[in-house]
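structure_29.csv (CSV, C-alpha atoms) appears below.
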```
chain,number,residue,atom,x,y,z
A,1,MET,CA,12.0,-59.1,-46.0
A,2,GLY,CA,8.5,-57.7,-45.8
A,3,ASP,CA,8.0,-58.9,-42.3
A,4,ARG,CA,11.4,-57.8,-40.9
A,5,LEU,CA,11.4,-54.6,-38.8
A,6,GLY,CA,13.6,-51.9,-40.2
A,7,PHE,CA,15.7,-51.4,-37.1
A,8,MET,CA,16.4,-55.2,-37.1
A,9,SER,CA,18.2,-55.0,-40.5
A,10,ALA,CA,21.9,-55.6,-40.7
A,11,ALA,CA,22.5,-51.9,-41.1
A,12,GLY,CA,20.3,-51.1,-38.1
A,13,VAL,CA,22.0,-53.6,-35.8
A,14,ALA,CA,25.4,-52.3,-36.9
A,15,ALA,CA,24.4,-48.7,-36.2
A,16,ALA,CA,23.1,-49.7,-32.8
A,17,ALA,CA,26.3,-51.5,-32.0
A,18,ILE,CA,28.4,-48.5,-33.0
A,19,ALA,CA,26.3,-46.2,-30.9
A,20,LEU,CA,26.7,-48.5,-27.8
A,21,LEU,CA,30.4,-48.7,-28.3
A,22,GLY,CA,30.6,-44.9,-28.6
A,23,LEU,CA,28.7,-44.5,-25.3
A,24,ALA,CA,30.9,-47.0,-23.6
A,25,ALA,CA,34.0,-45.3,-24.8
A,26,TRP,CA,32.7,-41.9,-23.6
A,27,ALA,CA,31.9,-43.4,-20.2
A,28,VAL,CA,35.4,-44.7,-19.9
A,29,VAL,CA,37.0,-41.4,-20.9
A,30,GLY,CA,34.6,-39.0,-19.3
A,31,GLY,CA,33.4,-41.1,-16.4
A,32,PRO,CA,30.4,-39.6,-14.4
A,33,ALA,CA,30.9,-36.2,-16.1
A,34,MET,CA,28.8,-37.6,-18.9
A,35,PHE,CA,25.7,-37.4,-16.6
A,36,ASP,CA,26.8,-34.3,-14.6
A,37,PRO,CA,25.1,-31.1,-15.8
A,38,GLY,CA,27.5,-28.9,-13.8
A,39,PRO,CA,28.5,-28.0,-10.2
A,40,LEU,CA,25.9,-26.9,-7.7
A,41,ASN,CA,25.7,-23.6,-5.9
A,42,ALA,CA,28.2,-23.6,-3.0
A,43,VAL,CA,27.4,-20.2,-1.3
A,44,ALA,CA,26.7,-21.2,2.3
A,45,LYS,CA,23.7,-19.8,4.1
A,46,THR,CA,23.6,-18.9,7.8
A,47,GLN,CA,20.8,-21.4,8.3
A,48,THR,CA,21.0,-25.0,7.4
A,49,LEU,CA,18.0,-26.6,5.6
A,50,GLY,CA,17.7,-30.4,5.3
A,51,GLY,CA,21.0,-30.7,7.1
A,52,VAL,CA,23.1,-28.7,4.6
A,53,ALA,CA,24.1,-25.0,4.3
A,54,SER,CA,24.3,-25.1,0.5
A,55,HIS,CA,23.2,-27.2,-2.4
A,56,ALA,CA,26.8,-28.3,-3.1
A,57,GLN,CA,26.8,-30.2,0.2
A,58,LEU,CA,24.0,-32.5,-1.0
A,59,VAL,CA,25.2,-36.0,-1.6
A,60,GLY,CA,23.7,-37.7,-4.6
A,61,CYS,CA,21.3,-36.5,-7.2
A,62,GLU,CA,18.3,-38.0,-5.3
A,63,GLY,CA,18.6,-35.0,-2.9
A,64,CYS,CA,16.6,-33.0,-5.5
A,65,HIS,CA,15.7,-35.3,-8.4
A,66,THR,CA,13.1,-38.0,-8.4
A,67,PRO,CA,12.6,-41.0,-10.7
A,68,LEU,CA,10.1,-40.5,-13.6
A,69,TRP,CA,7.8,-43.0,-12.1
A,70,SER,CA,7.7,-41.5,-8.6
A,71,PRO,CA,4.6,-39.6,-7.5
A,72,VAL,CA,7.0,-37.3,-5.6
A,73,THR,CA,8.0,-34.3,-7.8
A,74,MET,CA,11.1,-32.2,-7.7
A,75,ALA,CA,9.0,-29.3,-6.4
A,76,ASP,CA,8.0,-31.5,-3.5
A,77,LYS,CA,11.7,-32.0,-2.7
A,78,CYS,CA,12.2,-28.3,-2.8
A,79,VAL,CA,9.5,-27.4,-0.2
A,80,GLY,CA,10.5,-30.4,1.9
A,81,CYS,CA,13.6,-28.3,2.8
A,82,HIS,CA,12.3,-24.8,2.2
A,83,THR,CA,9.5,-25.0,4.6
A,84,ASP,CA,9.0,-21.3,4.8
A,85,VAL,CA,8.2,-21.2,1.1
A,86,ARG,CA,5.8,-24.1,1.7
A,87,ASP,CA,4.0,-22.2,4.4
A,88,GLN,CA,3.7,-19.1,2.2
A,89,MET,CA,2.2,-21.2,-0.6
A,90,ALA,CA,-0.3,-22.7,1.9
A,91,SER,CA,-1.4,-19.4,3.3
A,92,GLY,CA,-1.2,-17.3,0.1
A,93,LYS,CA,0.9,-14.7,1.9
A,94,GLY,CA,4.4,-13.5,1.2
A,95,LEU,CA,6.1,-13.4,-2.2
A,96,HIS,CA,5.8,-17.1,-2.9
A,97,GLY,CA,2.2,-17.2,-1.7
A,98,ARG,CA,1.2,-14.5,-4.2
A,99,LEU,CA,3.2,-16.1,-7.0
A,100,PHE,CA,1.7,-19.5,-6.3
A,101,GLN,CA,-1.9,-18.1,-6.3
A,102,GLY,CA,-1.3,-15.7,-9.2
A,103,LEU,CA,0.4,-17.9,-11.8
A,104,ALA,CA,-1.4,-20.5,-13.8
A,105,SER,CA,1.3,-23.2,-13.5
A,106,PRO,CA,4.0,-22.1,-11.0
A,107,THR,CA,7.2,-24.1,-10.7
A,108,CYS,CA,10.3,-23.6,-8.6
A,109,ARG,CA,12.5,-24.0,-11.6
A,110,GLY,CA,10.7,-21.2,-13.4
A,111,CYS,CA,12.8,-18.7,-11.3
A,112,HIS,CA,15.4,-20.9,-9.5
A,113,VAL,CA,18.0,-22.7,-11.6
A,114,GLU,CA,21.0,-24.8,-10.6
A,115,HIS,CA,24.1,-26.5,-12.0
A,116,ARG,CA,25.6,-23.2,-13.2
A,117,GLY,CA,28.6,-23.1,-10.9
A,118,PRO,CA,29.4,-22.7,-7.2
A,119,ASP,CA,29.0,-18.9,-7.3
A,120,ALA,CA,26.2,-18.5,-9.8
A,121,PRO,CA,22.9,-16.9,-8.5
A,122,LEU,CA,20.0,-19.3,-7.9
A,123,THR,CA,17.3,-16.8,-8.9
A,124,VAL,CA,16.8,-15.6,-12.5
A,125,ALA,CA,14.1,-13.7,-14.2
A,126,ASP,CA,13.3,-12.0,-17.5
A,127,ALA,CA,10.9,-9.5,-18.9
A,128,SER,CA,8.0,-12.1,-18.5
A,129,PHE,CA,8.4,-12.2,-14.8
A,130,PRO,CA,5.1,-11.1,-13.1
A,131,HIS,CA,6.6,-8.4,-11.0
A,132,ASP,CA,3.1,-7.1,-10.0
A,133,LEU,CA,2.7,-10.2,-7.9
A,134,THR,CA,5.6,-9.2,-5.7
A,135,GLY,CA,3.6,-6.2,-4.5
A,136,TYR,CA,5.5,-3.7,-6.6
A,137,SER,CA,4.4,-2.8,-10.2
A,138,LEU,CA,6.9,-1.8,-12.9
A,139,ARG,CA,4.3,0.0,-14.9
A,140,GLY,CA,5.8,3.3,-13.9
A,141,HIS,CA,9.3,2.2,-14.3
A,142,ARG,CA,10.0,1.9,-18.0
A,143,ALA,CA,13.0,4.0,-18.4
A,144,THR,CA,16.0,5.1,-16.3
A,145,ALA,CA,17.1,8.7,-15.7
A,146,ARG,CA,19.3,8.3,-18.7
A,147,GLY,CA,16.4,7.3,-20.9
A,148,ALA,CA,17.5,3.7,-21.2
A,149,LYS,CA,15.1,0.8,-20.7
A,150,VAL,CA,15.0,-0.4,-17.1
A,151,THR,CA,16.5,-3.8,-16.5
A,152,CYS,CA,16.5,-6.0,-13.4
A,153,ALA,CA,20.0,-5.0,-12.6
A,154,ASP,CA,19.1,-1.3,-12.4
A,155,CYS,CA,17.2,-2.0,-9.2
A,156,HIS,CA,18.6,-5.3,-8.0
A,157,THR,CA,22.3,-4.4,-8.0
A,158,ILE,CA,23.5,-7.4,-6.0
A,159,ASP,CA,21.1,-10.1,-7.1
A,160,LEU,CA,17.4,-10.6,-7.7
A,161,ALA,CA,16.8,-11.6,-4.1
A,162,HIS,CA,18.1,-8.3,-2.7
A,163,PHE,CA,16.8,-4.7,-3.1
A,164,ASP,CA,18.2,-1.6,-1.4
A,165,GLN,CA,15.7,1.3,-1.2
A,166,SER,CA,18.5,3.7,-1.6
A,167,THR,CA,18.4,2.7,-5.3
A,168,CYS,CA,15.0,4.6,-5.5
A,169,SER,CA,16.6,7.8,-4.1
A,170,ALA,CA,19.6,7.6,-6.4
A,171,CYS,CA,17.5,7.1,-9.5
A,172,HIS,CA,14.8,9.7,-8.7
A,173,SER,CA,17.4,12.2,-7.5
A,174,ALA,CA,18.9,12.0,-11.0
A,175,LEU,CA,15.5,12.9,-12.4
A,176,ASP,CA,14.8,15.8,-9.9
A,177,ALA,CA,17.2,16.3,-7.1
A,178,ALA,CA,15.4,19.3,-5.5
A,179,PHE,CA,12.1,17.4,-5.4
A,180,MET,CA,13.6,14.3,-3.9
A,181,ALA,CA,15.4,16.3,-1.2
A,182,ARG,CA,12.1,17.9,-0.2
A,183,HIS,CA,10.2,14.7,-0.4
A,184,GLU,CA,12.6,12.7,1.8
A,185,ARG,CA,12.7,15.5,4.3
A,186,GLY,CA,8.9,15.4,4.6
A,187,PHE,CA,8.2,11.7,4.2
A,188,GLY,CA,11.5,9.8,4.8
A,189,ALA,CA,13.6,7.5,2.6
A,190,GLN,CA,11.6,4.3,3.1
A,191,CYS,CA,9.9,4.6,-0.3
A,192,LEU,CA,8.2,1.2,-0.2
A,193,THR,CA,6.1,2.1,2.8
A,194,CYS,CA,4.0,4.3,0.5
A,195,HIS,CA,4.8,3.5,-3.1
A,196,ASP,CA,4.0,0.3,-4.9
A,197,GLY,CA,5.0,1.3,-8.4
A,198,SER,CA,1.5,1.8,-9.6
A,199,GLY,CA,1.7,5.6,-9.4
A,200,ARG,CA,-1.2,5.9,-7.0
A,201,PHE,CA,0.8,8.4,-5.0
A,202,GLY,CA,2.4,10.0,-8.0
A,203,SER,CA,2.0,13.6,-9.3
A,204,ASP,CA,-1.4,12.7,-10.8
A,205,PHE,CA,-2.8,11.4,-7.5
A,206,ASP,CA,-6.5,12.2,-7.4
A,207,HIS,CA,-7.4,13.2,-3.8
A,208,ALA,CA,-11.0,13.7,-5.0
A,209,LYS,CA,-11.4,9.9,-4.9
A,210,LEU,CA,-11.0,10.0,-1.1
A,211,PRO,CA,-13.7,11.0,1.4
A,212,PHE,CA,-11.9,14.2,2.1
A,213,LYS,CA,-12.1,16.3,-1.1
A,214,LEU,CA,-9.5,19.1,-1.6
A,215,ALA,CA,-11.9,21.8,-2.6
A,216,GLY,CA,-11.6,25.6,-2.3
A,217,ARG,CA,-8.6,26.9,-0.4
A,218,HIS,CA,-7.6,23.3,0.4
A,219,ALA,CA,-6.8,22.5,-3.3
A,220,GLY,CA,-3.5,24.3,-3.3
A,221,VAL,CA,-2.2,23.1,0.1
A,222,ALA,CA,1.1,21.1,-0.1
A,223,CYS,CA,0.8,17.5,1.0
A,224,GLY,CA,3.2,18.0,3.9
A,225,ARG,CA,0.9,20.7,5.5
A,226,CYS,CA,-1.6,18.0,6.4
A,227,HIS,CA,0.6,14.9,6.3
A,228,ALA,CA,3.5,16.2,8.2
A,229,ASP,CA,6.2,13.6,9.0
A,230,THR,CA,4.0,10.9,7.6
A,231,ARG,CA,5.9,7.7,6.9
A,232,SER,CA,3.5,5.0,5.7
A,233,VAL,CA,0.2,4.4,3.9
A,234,GLN,CA,-1.3,3.6,7.3
A,235,ALA,CA,-0.2,7.0,8.6
A,236,PHE,CA,-1.7,8.7,5.6
A,237,ARG,CA,-5.0,7.0,6.2
A,238,ALA,CA,-4.9,8.0,9.9
A,239,THR,CA,-4.5,11.7,9.2
A,240,PRO,CA,-7.3,13.5,11.0
A,241,SER,CA,-9.8,15.1,8.6
A,242,ASP,CA,-11.6,17.4,11.0
A,243,CYS,CA,-11.2,21.1,10.6
A,244,TYR,CA,-10.1,21.9,14.1
A,245,HIS,CA,-7.1,19.6,13.9
A,246,CYS,CA,-5.5,22.0,11.5
A,247,HIS,CA,-7.2,25.3,12.3
A,248,ALA,CA,-7.2,25.4,16.1
A,249,ASN,CA,-4.4,27.8,16.1
A,250,VAL,CA,-6.3,30.3,14.0
A,251,ASP,CA,-9.7,30.0,15.8
A,252,ARG,CA,-10.8,33.5,16.4
A,253,HIS,CA,-13.7,32.2,18.5
A,254,ARG,CA,-11.2,30.5,20.9
A,255,GLY,CA,-13.4,27.4,21.1
A,256,ALA,CA,-16.6,29.4,22.0
A,257,PHE,CA,-18.5,28.1,19.0
A,258,GLY,CA,-17.3,24.5,19.2
A,259,ARG,CA,-15.0,22.6,16.8
A,260,GLN,CA,-17.4,21.9,14.0
A,261,CYS,CA,-16.1,24.6,11.7
A,262,GLY,CA,-18.1,23.3,8.8
A,263,GLY,CA,-21.3,24.4,10.4
A,264,CYS,CA,-20.6,28.0,9.5
A,265,HIS,CA,-17.5,28.0,7.2
A,266,THR,CA,-16.7,26.4,3.8
A,267,PRO,CA,-13.4,25.5,2.2
A,268,ALA,CA,-13.8,28.7,0.1
A,269,GLY,CA,-12.4,30.7,3.1
A,270,TRP,CA,-13.1,32.0,6.6
A,271,SER,CA,-15.0,35.1,5.4
A,272,GLY,CA,-18.6,34.9,4.5
A,273,ALA,CA,-19.4,32.5,7.3
A,274,ARG,CA,-23.1,31.6,7.7
A,275,PHE,CA,-25.2,29.3,9.7
A,276,ASP,CA,-28.6,27.9,8.6
A,277,HIS,CA,-30.9,29.1,11.3
A,278,THR,CA,-33.9,27.5,9.7
A,279,ALA,CA,-34.8,25.5,12.7
A,280,PHE,CA,-34.8,28.6,14.8
A,281,PRO,CA,-35.1,31.7,12.6
A,282,VAL,CA,-33.2,34.6,14.1
A,283,ASP,CA,-36.0,36.9,12.9
A,284,HIS,CA,-38.7,34.6,14.5
A,285,GLY,CA,-40.7,35.0,11.3
A,286,ARG,CA,-40.6,38.8,11.4
A,287,GLU,CA,-38.2,41.4,10.1
A,288,GLN,CA,-34.6,40.4,10.5
A,289,GLN,CA,-33.1,41.6,13.7
A,290,ALA,CA,-29.6,43.0,14.0
A,291,ALA,CA,-28.0,40.3,16.0
A,292,THR,CA,-24.7,38.5,16.2
A,293,CYS,CA,-24.0,34.9,17.3
A,294,ARG,CA,-23.0,36.2,20.7
A,295,THR,CA,-26.4,37.9,21.2
A,296,CYS,CA,-28.0,34.5,21.9
A,297,HIS,CA,-24.8,32.5,22.6
A,298,PRO,CA,-22.8,34.8,24.9
A,299,THR,CA,-20.5,32.0,26.1
A,300,ASP,CA,-20.5,29.2,23.4
A,301,ILE,CA,-22.9,27.7,20.9
A,302,SER,CA,-23.7,24.7,23.1
A,303,ALA,CA,-25.9,27.0,25.2
A,304,TYR,CA,-28.2,29.9,24.5
A,305,THR,CA,-30.3,32.5,26.2
A,306,CYS,CA,-33.2,34.7,25.2
A,307,PHE,CA,-32.7,37.2,28.0
A,308,GLY,CA,-31.3,40.5,27.0
A,309,CYS,CA,-33.1,40.6,23.6
A,310,HIS,CA,-36.3,42.5,23.0
A,311,GLU,CA,-38.3,42.8,26.2
A,312,HIS,CA,-36.9,39.6,27.7
A,313,THR,CA,-35.6,40.0,31.3
A,314,PRO,CA,-35.8,37.4,34.0
A,315,ALA,CA,-38.4,39.4,35.9
A,316,ASN,CA,-40.9,39.9,33.1
A,317,ILE,CA,-40.5,36.4,31.7
A,318,GLN,CA,-41.2,34.9,35.2
A,319,ALA,CA,-44.2,37.3,35.6
A,320,GLN,CA,-45.7,36.0,32.3
A,321,HIS,CA,-45.3,32.4,33.4
A,322,GLU,CA,-47.0,32.3,36.8
A,323,GLY,CA,-46.1,29.4,38.9
A,324,ARG,CA,-42.9,28.4,37.2
A,325,SER,CA,-39.4,28.8,38.5
A,326,LEU,CA,-36.8,30.9,36.6
A,327,ALA,CA,-34.7,27.7,36.1
A,328,ALA,CA,-37.6,26.0,34.4
A,329,LEU,CA,-38.0,29.0,32.0
A,330,ALA,CA,-34.4,29.0,30.8
A,331,ASP,CA,-35.0,26.6,27.9
A,332,CYS,CA,-37.4,28.8,26.0
A,333,ILE,CA,-37.3,26.7,22.8
A,334,ARG,CA,-38.8,23.8,24.5
A,335,CYS,CA,-42.2,25.6,24.3
A,336,HIS,CA,-41.4,28.2,21.6
A,337,ALA,CA,-39.7,26.1,19.0
A,338,GLY,CA,-39.7,28.7,16.3
A,339,GLY,CA,-39.2,31.6,18.7
A,340,ARG,CA,-42.8,32.7,18.5
A,341,THR,CA,-45.1,33.4,21.4
A,342,SER,CA,-48.1,31.1,21.9
A,343,GLY,CA,-50.4,33.7,20.4
A,344,ASP,CA,-48.4,34.0,17.1
```
Let me see the file written as structure tokens.
Amino acid sequence: MGDRLGFMSAAGVAAAAIALLGLAAWAVVGGPAMFDPGPLNAVAKTQTLGGVASHAQLVGCEGCHTPLWSPVTMADKCVGCHTDVRDQMASGKGLHGRLFQGLASPTCRGCHVEHRGPDAPLTVADASFPHDLTGYSLRGHRATARGAKVTCADCHTIDLAHFDQSTCSACHSALDAAFMARHERGFGAQCLTCHDGSGRFGSDFDHAKLPFKLAGRHAGVACGRCHADTRSVQAFRATPSDCYHCHANVDRHRGAFGRQCGGCHTPAGWSGARFDHTAFPVDHGREQQAATCRTCHPTDISAYTCFGCHEHTPANIQAQHEGRSLAALADCIRCHAGGRTSGD
């Protein structure tokens, strides 16, 4: 008795026999349904993969399932047909590429399930789904316009594999219809070309983090004034940041002083313009002279003249520089860097 294994007792053998008889009876009555977890998805795709247009057309379980002892996994079977997914995983690009690289132990069956019926969706997700890896964060989408918690079906109204951007407009119009109307007129209705759900282009967007700071009079300018008809992040980044691009139509100098407005003006306004003439003091080291920009730059700031100021005339300047032509004397600063005479 002490050496006999417990499952080899009379009671154990009897229990095993009853169990086997029960399984045999179920097999006779239920047939293969005993091992059938349910029908496969039968929704036909426009493109055939592995010779079939839907999973329901697969013949035999071995189309997807592998023996426990096989080195080939079920995931290997999946990407054997879904080669586009395999390519994304290899390159790290696309949705599946990002998921494959971003998850610790990604599996096909983590999102895609089968044997739920011919019309059941093949993609499922819950609150634990890493939505950030899709390229769109849900951090700014916690509640609907009605105040209810956002669910997958609020955005993916058909199934999880489809998203219509008009859903954005419908939801945000319910929050602020007037704003959305203005926003879509200025920037279009393709929300995902600029927004990624992180709020980086939201109401608290900090333009000061960019090279072009919105200081002075620029601070109150509406986005559309500088980013007119902008439809993508790339277009935002390509917006010219030079002054003249926006202010050419109000240039009172009519281009005479060039296009580098910042040389004289600041974002505080057009009035109070100044230019640092340290390199060439207008007063030449003496008492400040009453002169305007045009005194020395009668045409534009790319050229200058000393004639017409003080005693300078072409005749007396040439007389003071014996042996030199008038053309050679036009660039006075070459010899008189600070505007002083050689004797100063």
Could you pull the residues within 10 Å of Arg109 of chain A, counting all atoms listed in the file, minus those fewer than 5 positions along the same chain, as a PyMOL selection string?
chain A and resi 74-75+78+114+122-124
Top pick for closest residue to Cys191 of chain A, considering A:Ala315, A:Val233, A:Gln101, A:Thr157 and counting all atoms listed in the file
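Residue with the minimum atom-to-atom distance to Cys191 of chain A: A:Val233.
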Surrounding residues of Ala248 of chain A excluding itself and chain neighbours under 6 positions, 9 Å, all atoms listed in the file, as a PyMOL selection string:
chain A and resi 254-255+259
Quick check, in Å to one decimal: how far apart do atom CA of Ala208 of chain A and atom CA of Ser169 of chain A lie?
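Computing it gives 28.2 Å between the two atoms.
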For Ala328 of chain A, which of A:Gly135, A:Ala15, A:Pro314, A:Leu49 is the closest residue, counting all atoms listed in the file?
A:Pro314
Excluding Cys332 of chain A and any residue of its chain fewer than 4 positions from it, enumerate the residues within 12 Å of it, using all atoms listed in the file, and give them as a compact mmCIF listing (two decimals) with C-alpha atoms, keeping the file's coordinate frame.
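What landed in around_32.txt:
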```txt
# COMPACT_ATOMS: atom_id res chain seq x y z
CA PHE A 280 -34.80 28.60 14.80
CA CYS A 296 -28.00 34.50 21.90
CA ALA A 303 -25.90 27.00 25.20
CA TYR A 304 -28.20 29.90 24.50
CA THR A 305 -30.30 32.50 26.20
CA CYS A 306 -33.20 34.70 25.20
CA PHE A 307 -32.70 37.20 28.00
CA HIS A 312 -36.90 39.60 27.70
CA PRO A 314 -35.80 37.40 34.00
CA ILE A 317 -40.50 36.40 31.70
CA GLN A 318 -41.20 34.90 35.20
CA HIS A 321 -45.30 32.40 33.40
CA LEU A 326 -36.80 30.90 36.60
CA ALA A 327 -34.70 27.70 36.10
CA ALA A 328 -37.60 26.00 34.40
CA HIS A 336 -41.40 28.20 21.60
CA ALA A 337 -39.70 26.10 19.00
CA GLY A 338 -39.70 28.70 16.30
CA GLY A 339 -39.20 31.60 18.70
CA ARG A 340 -42.80 32.70 18.50
CA THR A 341 -45.10 33.40 21.40
CA SER A 342 -48.10 31.10 21.90
```
Please report the interatomic distance between atom CA of Ala330 of chain A and atom CA of Gly308 of chain A in Å with one decimal.
12.5 Å
Could you work out how far atom CA of Pro39 of chain A lies from atom CA of Leu58 of chain A, giving the answer in Å with one decimal?
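We find that atom CA of Leu58 of chain A and atom CA of Pro39 of chain A lie 11.2 Å from each other.
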Could you pull the residues within 12 Å of Met180 of chain A, counting all atoms listed in the file, minus those fewer than 5 positions along the same chain, as JSON, numbers by chain?
{"A": [166, 168, 169, 170, 171, 172, 173, 174, 175, 185, 186, 187, 188, 189, 191]}
Give the answer as one residue: which of A:Ile301, A:Leu133, A:Val72, A:Cys246 has the shortest atom-to-atom distance to His96 of chain A, using only C-alpha atoms?
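Of A:Ile301, A:Leu133, A:Val72, A:Cys246, the one nearest His96 of chain A, counting only C-alpha atoms, is A:Leu133.
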Work out where the centre of an axis-aligned box around every listed atom of segment 68-79 of chain A lies and how long its edges are once 3 Å is added on each side; give both in Å to one decimal as AutoDock Vina command-line options.
```
--center_x 8.4 --center_y -35.2 --center_z -6.9 --size_x 13.6 --size_y 21.6 --size_z 19.4
```
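Of the listed residues (A:Ser91, A:Thr73, A:Gly80, A:His55), A:His55 comes nearest to Val113 of chain A; the distances count only C-alpha atoms.
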Please determine, counting all atoms listed in the file, which residue among A:Leu210, A:Val221, A:Cys226, A:Ala177 has the shortest atom-to-atom distance to Ala145 of chain A.
A:Ala177
Show me, as a ChimeraX atom specification, the residues that have an atom within 12 Å of Gly199 of chain A when counting only C-alpha atoms, minus same-chain residues fewer than 2 positions from it.
/A:136-141,194-197,201-206
Write out N, CA and C atoms for segment 68-81 of chain A, as a short mmCIF file (atom, residue, chain, number, x, y, z; two decimals), in the coordinates of the input.
```cif
data_model
loop_
_atom_site.label_atom_id
_atom_site.label_comp_id
_atom_site.auth_asym_id
_atom_site.auth_seq_id
_atom_site.Cartn_x
_atom_site.Cartn_y
_atom_site.Cartn_z
N LEU A 68 11.29 -40.84 -12.76
CA LEU A 68 10.10 -40.50 -13.60
C LEU A 68 8.86 -41.12 -13.11
N TRP A 69 8.97 -42.31 -12.55
CA TRP A 69 7.80 -43.00 -12.10
C TRP A 69 7.33 -42.71 -10.70
N SER A 70 8.07 -41.83 -10.01
CA SER A 70 7.70 -41.50 -8.60
C SER A 70 6.61 -40.48 -8.56
N PRO A 71 5.65 -40.64 -7.63
CA PRO A 71 4.60 -39.60 -7.50
C PRO A 71 5.13 -38.35 -6.81
N VAL A 72 6.32 -38.44 -6.21
CA VAL A 72 7.00 -37.30 -5.60
C VAL A 72 7.63 -36.45 -6.72
N THR A 73 7.36 -35.16 -6.75
CA THR A 73 8.00 -34.30 -7.80
C THR A 73 9.19 -33.59 -7.22
N MET A 74 9.91 -32.97 -8.14
CA MET A 74 11.10 -32.20 -7.70
C MET A 74 10.67 -31.02 -6.86
N ALA A 75 9.51 -30.41 -7.17
CA ALA A 75 9.00 -29.30 -6.40
C ALA A 75 8.70 -29.75 -4.94
N ASP A 76 8.21 -30.99 -4.79
CA ASP A 76 8.00 -31.50 -3.50
C ASP A 76 9.26 -31.60 -2.66
N LYS A 77 10.35 -31.97 -3.35
CA LYS A 77 11.70 -32.00 -2.70
C LYS A 77 12.09 -30.62 -2.26
N CYS A 78 11.81 -29.63 -3.10
CA CYS A 78 12.20 -28.30 -2.80
C CYS A 78 11.57 -27.79 -1.48
N VAL A 79 10.24 -27.90 -1.42
CA VAL A 79 9.50 -27.40 -0.20
C VAL A 79 9.70 -28.29 0.96
N GLY A 80 10.22 -29.50 0.73
CA GLY A 80 10.50 -30.40 1.90
C GLY A 80 11.64 -29.76 2.71
N CYS A 81 12.55 -29.03 2.08
CA CYS A 81 13.60 -28.30 2.80
C CYS A 81 13.22 -26.87 3.08
#
```
